[in-house]
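Peer 1: Below you'll find the structure I mean.
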Amino acid sequence: MTTLDLFYNVELPWQIDLGLSVVNVFDEDPPFVNFDTNYDPYTHNPFGRTFKISVTKTFEGLGN
């Protein structure tokens, strides 16, 4: 199983980083495996396409 994953990170003013990602862009199902869950939970996940947003703020000079 091969999926397409997209990630984008941008540095904004005031030492803020904004990250956006889409995992499994084409929403592919995991391949069938003869387990109780019908997929291999060690190498695949059943969630399909997922979106993530992250915001990171860096603080400098505190406590100096």
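FYI, nothing fancy with the structure tokens labels: chains A, B, ... in order, residues from 1 per chain, ligands from 1 as they appear.
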Tell me which protein, DNA and RNA residues are within 6 Å of segment 47-64 of chain A, counting only C-alpha atoms, leaving out same-chain ones fewer than 6 positions away, and put them as a PyMOL selection string.
Peer 2: chain A and resi 15-25+27
Peer 1: Generate the output file for the selected residues, C-alpha atoms, as a PDB file, in the first residue's frame.
Peer 2:
```
ATOM      1  CA  GLN A  15       8.247  33.482  15.706  1.00  0.00           C
ATOM      2  CA  ILE A  16       5.162  31.434  14.852  1.00  0.00           C
ATOM      3  CA  ASP A  17       5.274  28.320  12.651  1.00  0.00           C
ATOM      4  CA  LEU A  18       2.114  27.026  11.001  1.00  0.00           C
ATOM      5  CA  GLY A  19       2.015  23.440   9.729  1.00  0.00           C
ATOM      6  CA  LEU A  20      -0.639  21.816   7.572  1.00  0.00           C
ATOM      7  CA  SER A  21      -0.742  18.183   6.478  1.00  0.00           C
ATOM      8  CA  VAL A  22      -3.001  15.735   4.694  1.00  0.00           C
ATOM      9  CA  VAL A  23      -2.191  12.048   5.179  1.00  0.00           C
ATOM     10  CA  ASN A  24      -3.550   9.535   2.647  1.00  0.00           C
ATOM     11  CA  VAL A  25      -4.772  12.205   0.205  1.00  0.00           C
ATOM     12  CA  ASP A  27      -8.382   8.085   1.028  1.00  0.00           C
TER      13      ASP A  27
END
```
Peer 1: Hey, can you check how far atom CA of Pro31 of chain A sits from atom CA of Tyr8 of chain A?
Peer 2: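 The value is 27.8 Å.
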Peer 1: Mind pulling up the distance from atom CA of Thr3 of chain A to atom CA of Pro30 of chain A?
Peer 2: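 For atom CA of Pro30 of chain A relative to atom CA of Thr3 of chain A, the distance reads 9.9 Å.
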Peer 1: Pull the strand (DSSP E) assignments for chain A out of DSSP run on the backbone, and list those residues as a list in words.
Peer 2: Leu6, Phe7, Tyr8, Asn9, Val10, Glu11, Leu12, Ile16, Asp17, Leu18, Gly19, Leu20, Ser21, Val22, Val23, Thr50, Phe51, Lys52, Ile53, Ser54, Val55, Thr56 and Lys57 of chain A
